[in-house]
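Shown here: upload_26.txt, compact mmCIF, C-alpha atoms and all ligand atoms.
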```
# COMPACT_ATOMS: atom_id res chain seq x y z
CA MET A 1421 61.16 -4.61 -52.26
CA LYS A 1422 64.94 -4.58 -52.27
CA SER A 1423 66.49 -1.25 -53.14
CA LEU A 1424 68.24 -0.97 -56.47
CA VAL A 1425 70.37 1.93 -55.19
CA SER A 1426 72.11 2.19 -51.82
CA ALA A 1427 70.19 3.71 -48.89
CA ASP A 1428 72.75 6.56 -48.75
CA ILE A 1429 72.20 7.51 -52.37
CA GLU A 1430 68.43 7.26 -51.99
CA ALA A 1431 68.54 9.57 -48.93
CA TYR A 1432 70.84 12.03 -50.72
CA ALA A 1433 68.55 12.14 -53.78
CA GLN A 1434 65.54 12.65 -51.53
CA ALA A 1435 67.24 15.45 -49.59
CA HIS A 1436 67.99 17.26 -52.85
CA SER A 1437 64.53 16.88 -54.39
CA MET A 1438 61.32 18.76 -53.65
CA PRO A 1439 59.99 17.70 -50.25
CA GLU A 1440 56.68 15.90 -49.82
CA SER A 1441 53.80 17.90 -48.39
CA ASP A 1442 52.78 17.52 -44.74
CA LEU A 1443 49.60 15.74 -45.88
CA CYS A 1444 51.52 13.25 -48.04
CA ARG A 1445 53.95 12.61 -45.18
CA ALA A 1446 51.08 11.94 -42.75
CA LEU A 1447 49.42 9.59 -45.26
CA ARG A 1448 52.69 7.75 -45.92
CA GLU A 1449 53.28 7.29 -42.19
CA GLU A 1450 49.73 6.11 -41.52
CA THR A 1451 49.96 3.72 -44.48
CA GLN A 1452 53.15 2.33 -42.96
CA ARG A 1453 51.44 1.86 -39.58
CA ARG A 1454 48.15 0.41 -40.81
CA MET A 1455 48.59 -1.42 -44.11
CA GLU A 1456 50.00 -4.91 -44.66
CA SER A 1457 52.01 -3.94 -47.76
CA PRO A 1458 52.97 -0.28 -47.22
CA GLN A 1459 55.90 -0.60 -49.62
CA MET A 1460 53.33 -0.42 -52.44
CA ILE A 1461 53.24 3.38 -52.23
CA VAL A 1462 55.70 5.18 -54.46
CA GLY A 1463 57.31 7.09 -51.58
CA SER A 1464 58.64 10.63 -51.45
CA LEU A 1465 61.38 10.53 -54.12
CA GLU A 1466 59.25 8.89 -56.81
CA GLY A 1467 56.32 11.03 -55.64
CA ALA A 1468 58.42 14.13 -56.37
CA PHE A 1469 59.28 12.67 -59.78
CA LEU A 1470 55.58 12.11 -60.58
CA LYS A 1471 54.76 15.68 -59.56
CA MET A 1472 57.58 17.02 -61.71
CA MET A 1473 56.35 15.00 -64.73
CA ALA A 1474 52.81 16.33 -64.27
CA GLN A 1475 54.13 19.88 -64.10
CA LEU A 1476 56.42 19.40 -67.13
CA VAL A 1477 53.57 18.26 -69.37
CA GLY A 1478 51.27 20.96 -67.93
CA ALA A 1479 48.82 18.23 -66.96
CA LYS A 1480 45.20 19.08 -66.24
CA ARG A 1481 43.75 15.55 -66.47
CA VAL A 1482 45.56 12.62 -64.87
CA LEU A 1483 44.48 8.98 -64.91
CA GLU A 1484 45.93 6.61 -62.33
CA ILE A 1485 45.65 2.82 -62.43
CA GLY A 1486 46.12 1.58 -58.84
CA MET A 1487 45.34 4.05 -56.03
CA PHE A 1488 45.93 1.99 -52.86
CA THR A 1489 45.87 4.54 -49.96
CA GLY A 1490 46.05 7.49 -52.34
CA TYR A 1491 49.65 8.67 -51.89
CA SER A 1492 50.52 9.04 -55.58
CA ALA A 1493 47.03 10.41 -56.38
CA LEU A 1494 47.62 13.12 -53.78
CA CYS A 1495 51.04 13.90 -55.27
CA PHE A 1496 49.40 14.40 -58.68
CA ALA A 1497 46.55 16.49 -57.25
CA GLU A 1498 49.11 18.78 -55.59
CA ALA A 1499 50.85 19.29 -58.93
CA LEU A 1500 47.70 20.15 -60.92
CA PRO A 1501 46.10 23.56 -61.39
CA ALA A 1502 42.93 24.36 -59.39
CA ASP A 1503 40.69 23.03 -62.20
CA GLY A 1504 42.76 19.87 -62.71
CA THR A 1505 41.44 16.35 -62.03
CA VAL A 1506 42.90 12.98 -61.10
CA VAL A 1507 40.77 9.94 -61.93
CA THR A 1508 42.13 7.02 -59.91
CA CYS A 1509 41.15 3.34 -60.11
CA GLU A 1510 41.07 0.84 -57.23
CA VAL A 1511 39.44 -2.51 -56.41
CA ASP A 1512 40.16 -2.82 -52.69
CA GLU A 1513 37.83 -0.97 -50.27
CA GLU A 1514 40.21 -1.07 -47.29
CA PRO A 1515 43.01 1.17 -48.65
CA ALA A 1516 40.40 3.23 -50.52
CA ALA A 1517 38.71 4.13 -47.21
CA LEU A 1518 41.99 5.51 -45.87
CA ALA A 1519 42.59 7.39 -49.13
CA ARG A 1520 39.17 9.05 -48.92
CA GLN A 1521 39.85 10.18 -45.33
CA TYR A 1522 43.02 11.93 -46.46
CA PHE A 1523 41.48 13.43 -49.61
CA ALA A 1524 38.77 14.96 -47.39
CA ARG A 1525 41.38 16.71 -45.23
CA SER A 1526 42.40 19.21 -47.90
CA PRO A 1527 40.68 21.22 -50.66
CA ILE A 1528 43.23 19.60 -52.99
CA GLY A 1529 41.48 16.27 -52.41
CA LYS A 1530 38.44 17.61 -54.31
CA LYS A 1531 40.44 17.23 -57.52
CA ILE A 1532 40.52 13.44 -57.05
CA GLU A 1533 37.76 11.18 -58.39
CA VAL A 1534 37.92 7.60 -57.10
CA ARG A 1535 36.60 4.91 -59.46
CA MET A 1536 36.10 1.56 -57.74
CA GLY A 1537 36.19 -1.62 -59.83
CA PRO A 1538 38.61 -3.38 -62.18
CA ALA A 1539 40.69 -0.72 -63.89
CA LEU A 1540 40.30 -2.21 -67.37
CA ASP A 1541 36.50 -1.83 -67.11
CA THR A 1542 36.90 1.74 -65.88
CA MET A 1543 39.36 2.55 -68.67
CA ARG A 1544 36.85 1.24 -71.25
CA GLN A 1545 34.19 3.61 -69.85
CA LEU A 1546 36.44 6.68 -69.75
CA ALA A 1547 36.92 9.17 -72.56
CA GLY A 1548 40.26 10.84 -73.19
CA PRO A 1549 42.32 12.80 -73.58
CA PHE A 1550 44.41 12.49 -70.42
CA ASP A 1551 47.68 14.42 -70.14
CA LEU A 1552 49.34 11.90 -67.86
CA ILE A 1553 48.49 8.25 -67.22
CA PHE A 1554 50.20 6.43 -64.36
CA ILE A 1555 50.02 2.62 -64.44
CA ASP A 1556 50.67 1.01 -61.04
CA ALA A 1557 48.26 -1.92 -60.52
CA ASP A 1558 48.12 -5.64 -61.28
CA LYS A 1559 51.16 -6.49 -63.36
CA ILE A 1560 49.43 -9.26 -65.32
CA ASN A 1561 47.39 -6.63 -67.14
CA TYR A 1562 50.26 -4.22 -67.82
CA VAL A 1563 50.18 -4.69 -71.60
CA ASN A 1564 46.38 -4.28 -71.63
CA TYR A 1565 46.62 -1.10 -69.55
CA TYR A 1566 49.33 0.22 -71.86
CA ARG A 1567 47.23 -0.46 -74.99
CA ARG A 1568 44.15 1.27 -73.59
CA ALA A 1569 46.27 4.11 -72.17
CA LEU A 1570 47.51 4.88 -75.70
CA ASP A 1571 43.87 5.33 -76.82
CA LEU A 1572 43.21 7.71 -73.92
CA LEU A 1573 46.44 9.73 -74.12
CA SER A 1574 46.63 13.32 -75.30
CA PRO A 1575 49.02 13.75 -78.29
CA THR A 1576 51.40 15.68 -75.99
CA GLY A 1577 50.78 13.51 -72.94
CA VAL A 1578 52.93 10.99 -71.09
CA ILE A 1579 52.39 7.47 -69.79
CA LEU A 1580 54.36 6.47 -66.68
CA ILE A 1581 54.54 2.77 -65.82
CA ASP A 1582 55.82 1.72 -62.39
CA ASN A 1583 57.87 -1.29 -61.21
CA VAL A 1584 59.23 -2.11 -64.64
CA LEU A 1585 62.49 -3.43 -63.13
CA TRP A 1586 60.58 -5.64 -60.67
CA ASP A 1587 63.36 -5.86 -58.09
CA GLY A 1588 65.80 -6.70 -60.87
CA ASP A 1589 63.88 -9.88 -61.76
CA VAL A 1590 63.33 -8.61 -65.32
CA LEU A 1591 66.90 -9.81 -66.00
CA LYS A 1592 65.95 -13.45 -65.32
CA GLN A 1593 65.41 -15.88 -68.19
CA PRO A 1594 63.24 -17.79 -68.07
CA PRO A 1595 61.06 -15.47 -65.97
CA PRO A 1596 60.50 -16.95 -62.48
CA ASP A 1597 56.74 -16.24 -62.44
CA GLU A 1598 53.88 -14.81 -64.49
CA LYS A 1599 54.17 -11.28 -63.09
CA THR A 1600 57.80 -11.06 -64.12
CA ALA A 1601 56.88 -12.45 -67.54
CA ALA A 1602 54.12 -9.82 -67.88
CA ILE A 1603 56.50 -6.98 -67.04
CA GLN A 1604 59.12 -8.30 -69.47
CA GLU A 1605 56.42 -8.50 -72.15
CA LEU A 1606 55.38 -4.88 -71.46
CA ASN A 1607 58.98 -3.63 -71.65
CA ARG A 1608 59.47 -5.46 -74.97
CA ALA A 1609 56.14 -4.22 -76.35
CA VAL A 1610 56.95 -0.57 -75.56
CA ALA A 1611 60.51 -0.81 -76.91
CA ALA A 1612 59.18 -2.30 -80.19
CA ASP A 1613 56.22 0.08 -80.55
CA PRO A 1614 56.93 2.41 -83.51
CA ARG A 1615 54.31 4.93 -82.28
CA VAL A 1616 56.18 5.89 -79.11
CA SER A 1617 59.49 7.00 -77.63
CA ALA A 1618 60.37 5.69 -74.18
CA VAL A 1619 63.02 5.84 -71.50
CA LEU A 1620 63.30 3.39 -68.63
CA VAL A 1621 64.27 5.51 -65.64
CA THR A 1622 66.06 3.64 -62.85
CA ILE A 1623 64.29 5.48 -60.04
CA ARG A 1624 63.10 3.20 -57.21
CA ASP A 1625 61.79 -0.01 -58.90
CA GLY A 1626 62.02 1.44 -62.43
CA VAL A 1627 59.60 3.82 -64.16
CA LEU A 1628 58.99 3.62 -67.90
CA VAL A 1629 58.32 7.07 -69.35
CA VAL A 1630 56.44 6.86 -72.67
CA ARG A 1631 55.30 9.57 -75.09
CA LEU A 1632 53.84 9.53 -78.58
CA LYS A 1633 56.32 10.29 -81.37
CA GLY A 1634 55.62 13.68 -82.84
CA GLY A 1635 53.65 14.73 -79.76
CA GLY A 1636 54.61 18.38 -79.43
CA GLY A 1637 57.94 18.15 -81.30
C1 LIG B 1701 51.07 -0.64 -56.00
S1 LIG B 1701 49.49 -0.27 -55.39
C2 LIG B 1701 49.25 1.41 -55.89
C3 LIG B 1701 50.07 2.38 -55.10
C4 LIG B 1701 49.76 3.83 -55.38
N1 LIG B 1701 49.90 4.14 -56.80
C5 LIG B 1701 50.69 4.74 -54.60
O1 LIG B 1701 51.87 4.83 -54.99
O2 LIG B 1701 50.27 5.35 -53.61
C6 LIG B 1701 48.46 -1.13 -56.51
C7 LIG B 1701 46.97 -1.04 -56.19
O3 LIG B 1701 46.27 -1.53 -57.33
C8 LIG B 1701 45.09 -2.15 -56.87
N2 LIG B 1701 44.60 -3.05 -57.92
C9 LIG B 1701 44.96 -4.34 -58.14
N3 LIG B 1701 44.30 -4.84 -59.18
C10 LIG B 1701 43.50 -3.84 -59.65
C11 LIG B 1701 42.58 -3.73 -60.73
N4 LIG B 1701 42.34 -4.77 -61.55
N5 LIG B 1701 41.96 -2.56 -60.90
C12 LIG B 1701 42.19 -1.49 -60.10
N6 LIG B 1701 43.06 -1.55 -59.06
C13 LIG B 1701 43.70 -2.70 -58.84
C14 LIG B 1701 45.50 -2.86 -55.59
O4 LIG B 1701 44.39 -3.11 -54.77
C15 LIG B 1701 46.50 -1.87 -54.99
O5 LIG B 1701 45.88 -1.05 -54.03
```

Could you rewrite the structure in this file as structure tokens?
Amino acid sequence: MKSLVSADIEAYAQAHSMPESDLCRALREETQRRMESPQMIVGSLEGAFLKMMAQLVGAKRVLEIGMFTGYSALCFAEALPADGTVVTCEVDEEPAALARQYFARSPIGKKIEVRMGPALDTMRQLAGPFDLIFIDADKINYVNYYRRALDLLSPTGVILIDNVLWDGDVLKQPPPDEKTAAIQELNRAVAADPRVSAVLVTIRDGVLVVRLKGGGG
């Protein structure tokens, strides 16, 4: 993934944001050593942003679509109160095995419930409300995840959707491939949805922050 901000600015922002925990750092480094696509994890700056969002909405129940090796799930778990839970969805056993090893290393990991299988199926089985829903899995289904997330969201909750700038490819018309087209469709659908307010934050690869209108003022 090419960086949308310069490396200097990224490092400065990171140095002036809350640091990642030792466990998150170890998991990030092992992911970088062992996984084929380690750039899929959100990293420490976006991880800090996710934690801050969870704390701001006072989240107790978080739903994550796309766990990979568990970095962002661990960030959320660290931000939740002792009785908080993170339900996280994944299809691939290999990164999930590494995630489970790290979750087992800390009592915080007990807050995380891993649900294996296609996330849309899992979302259909789950009951809300969730205070925060983080969408970070197969882009083709982004609009479907968004629609179901709205059903599962608490009235004062927030939906965070990752990679909505897609390396800047969202600017291209016509879209170069179906993933880009799916992300463009999601961005249009959210912007035109009268039920929600949204802001597209230019952190890392773009995070769309969505809340229900009238949710808590
Ligand atoms: C970008 S990675 C998630 C990274 C993670 N949120 C983090 O920052 O640490 C996306 C993950 O979604 C998983 N995935 C892809 N399609 C899926 C599906 N239909 N249901 C659940 N997970 C899926 C992939 O296997 C991959 O591990």

Exercise for review: Pick out the closest residue to A:Ala1547 from this set: A:Arg1568, A:Lys1530, A:Lys1633, A:Lys1559. Count all atoms listed in the file.
Suggested key: A:Arg1568

Practice item. Can you work out the spacing between atom CA of A:Pro1527 and atom CA of A:Gln1434 in Å, to one decimal? Key: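 The value is 26.3 Å.
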
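Of the residues listed (A:Gly1467, A:Gly1548, A:Pro1575, A:Pro1614), A:Gly1548 shows the shortest atom-to-atom separation from A:Val1507; distances use all atoms listed in the file.
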
Review point. Can you list, as a list in words, every protein, DNA or RNA residue that comes within 8 Å of stretch 1619-1625 of chain A when you count only C-alpha atoms, leaving out same-chain residues fewer than 3 positions away?
Key: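 With the cut-off at 8 Å, the set is Ser1423, Leu1424, Val1425, Glu1466, Asp1582, Asn1583, Val1584, Leu1585, Trp1586, Asp1587, Leu1628, Val1629 and Val1630 of chain A.
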
Practice item. State, in Å with one decimal place, the distance from atom N5 of ligand LIG 1701 (chain B) to atom CA of A:Ala1557. Key: 6.3 Å

Check your understanding: Could you list, as a ChimeraX atom specification, all the residues within 7 Å of ligand LIG 1701 (chain B), counting all atoms listed in the file?
Key -> /A:1460-1463,1485-1493,1509-1512,1515,1537-1540,1556-1558

Revision key, fill the gap. Atom CA of A:Ile1532 sits from atom CA of A:Leu1470 at a separation of 15.5 Å

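Among the candidate residues A:Arg1544, A:Lys1531, A:His1436, A:Arg1453, the one lying nearest to A:Arg1481 is A:Lys1531, with distances computed using all atoms listed in the file.
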
Local residues around (48.6, 18.4, -53.1), at most 8 Å away, using only C-alpha atoms, as a short mmCIF file (atom, residue, chain, number, x, y, z; two decimals) with C-alpha atoms, in the coordinates of the input:
```cif
data_model
loop_
_atom_site.label_atom_id
_atom_site.label_comp_id
_atom_site.auth_asym_id
_atom_site.auth_seq_id
_atom_site.Cartn_x
_atom_site.Cartn_y
_atom_site.Cartn_z
CA SER A 1441 53.80 17.90 -48.39
CA LEU A 1443 49.60 15.74 -45.88
CA CYS A 1444 51.52 13.25 -48.04
CA LEU A 1494 47.62 13.12 -53.78
CA CYS A 1495 51.04 13.90 -55.27
CA PHE A 1496 49.40 14.40 -58.68
CA ALA A 1497 46.55 16.49 -57.25
CA GLU A 1498 49.11 18.78 -55.59
CA ALA A 1499 50.85 19.29 -58.93
CA ILE A 1528 43.23 19.60 -52.99
CA GLY A 1529 41.48 16.27 -52.41
#
```

**Study point:** Pick from A:Lys1471, A:Ala1502, A:Thr1576, A:Met1421, whichever lies nearest to A:Asp1589 using only C-alpha atoms
**Key:**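 Among the listed residues, the smallest separation from A:Asp1589 belongs to A:Met1421.
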
Check your understanding: Which is closer to A:Thr1542 than all the others in A:Glu1430, A:Glu1484, A:Glu1514, A:Glu1598, using only C-alpha atoms?
Key ->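 Closest to A:Thr1542 of all the choices is A:Glu1484.
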
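Each of A:Glu1533, A:Asp1503, A:Glu1440, A:Glu1449 was checked against A:Met1472 using only C-alpha atoms; the smallest atom-to-atom distance is that of A:Glu1440.
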
Which residues are close to A:Gly1478, i.e. within 8 Å by all atoms listed in the file, leaving aside same-chain residues fewer than 4 positions away? Reply as a PDB file with C-alpha atoms, in the coordinates of the input.
```pdb
ATOM      1  CA  ALA A1474      52.810  16.330 -64.270  1.00  0.00           C
ATOM      2  CA  LEU A1500      47.700  20.150 -60.920  1.00  0.00           C
ATOM      3  CA  ASP A1551      47.680  14.420 -70.140  1.00  0.00           C
TER       4      ASP A1551
END
```

Please produce stretch 1540-1560 of chain A, completed to N, CA and C atoms, as a compact mmCIF listing (two decimals), in the frame of the given file.
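What follows is the written file selection_30.txt:
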```
# COMPACT_ATOMS: atom_id res chain seq x y z
N LEU A 1540 40.52 -2.08 -65.91
CA LEU A 1540 40.30 -2.21 -67.37
C LEU A 1540 38.87 -1.82 -67.73
N ASP A 1541 37.90 -2.22 -66.87
CA ASP A 1541 36.50 -1.83 -67.11
C ASP A 1541 36.37 -0.32 -67.06
N THR A 1542 36.99 0.28 -66.02
CA THR A 1542 36.90 1.74 -65.88
C THR A 1542 37.52 2.42 -67.09
N MET A 1543 38.68 1.92 -67.52
CA MET A 1543 39.36 2.55 -68.67
C MET A 1543 38.48 2.47 -69.93
N ARG A 1544 37.72 1.37 -70.06
CA ARG A 1544 36.85 1.24 -71.25
C ARG A 1544 35.74 2.28 -71.22
N GLN A 1545 35.31 2.63 -69.99
CA GLN A 1545 34.19 3.61 -69.85
C GLN A 1545 34.66 5.05 -70.00
N LEU A 1546 35.95 5.30 -69.77
CA LEU A 1546 36.44 6.68 -69.75
C LEU A 1546 36.68 7.20 -71.16
N ALA A 1547 36.55 8.52 -71.30
CA ALA A 1547 36.92 9.17 -72.56
C ALA A 1547 38.17 10.01 -72.31
N GLY A 1548 39.07 10.01 -73.28
CA GLY A 1548 40.26 10.84 -73.19
C GLY A 1548 39.94 12.26 -73.60
N PRO A 1549 40.92 13.14 -73.79
CA PRO A 1549 42.32 12.80 -73.58
C PRO A 1549 42.77 13.06 -72.14
N PHE A 1550 43.73 12.24 -71.69
CA PHE A 1550 44.41 12.49 -70.42
C PHE A 1550 45.83 12.96 -70.75
N ASP A 1551 46.34 13.87 -69.92
CA ASP A 1551 47.68 14.42 -70.14
C ASP A 1551 48.77 13.54 -69.53
N LEU A 1552 48.38 12.79 -68.52
CA LEU A 1552 49.34 11.90 -67.86
C LEU A 1552 48.58 10.68 -67.39
N ILE A 1553 49.11 9.50 -67.68
CA ILE A 1553 48.49 8.25 -67.22
C ILE A 1553 49.55 7.45 -66.47
N PHE A 1554 49.24 7.14 -65.22
CA PHE A 1554 50.20 6.43 -64.36
C PHE A 1554 49.67 5.02 -64.13
N ILE A 1555 50.44 4.02 -64.55
CA ILE A 1555 50.02 2.62 -64.44
C ILE A 1555 50.79 1.97 -63.28
N ASP A 1556 50.03 1.55 -62.25
CA ASP A 1556 50.67 1.01 -61.04
C ASP A 1556 49.73 0.02 -60.35
N ALA A 1557 49.13 -0.89 -61.13
CA ALA A 1557 48.26 -1.92 -60.52
C ALA A 1557 48.66 -3.28 -61.06
N ASP A 1558 47.76 -4.25 -61.03
CA ASP A 1558 48.12 -5.64 -61.28
C ASP A 1558 48.97 -5.82 -62.54
N LYS A 1559 50.13 -6.41 -62.31
CA LYS A 1559 51.16 -6.49 -63.36
C LYS A 1559 50.72 -7.35 -64.55
N ILE A 1560 49.86 -8.34 -64.27
CA ILE A 1560 49.43 -9.26 -65.32
C ILE A 1560 48.76 -8.50 -66.46
```
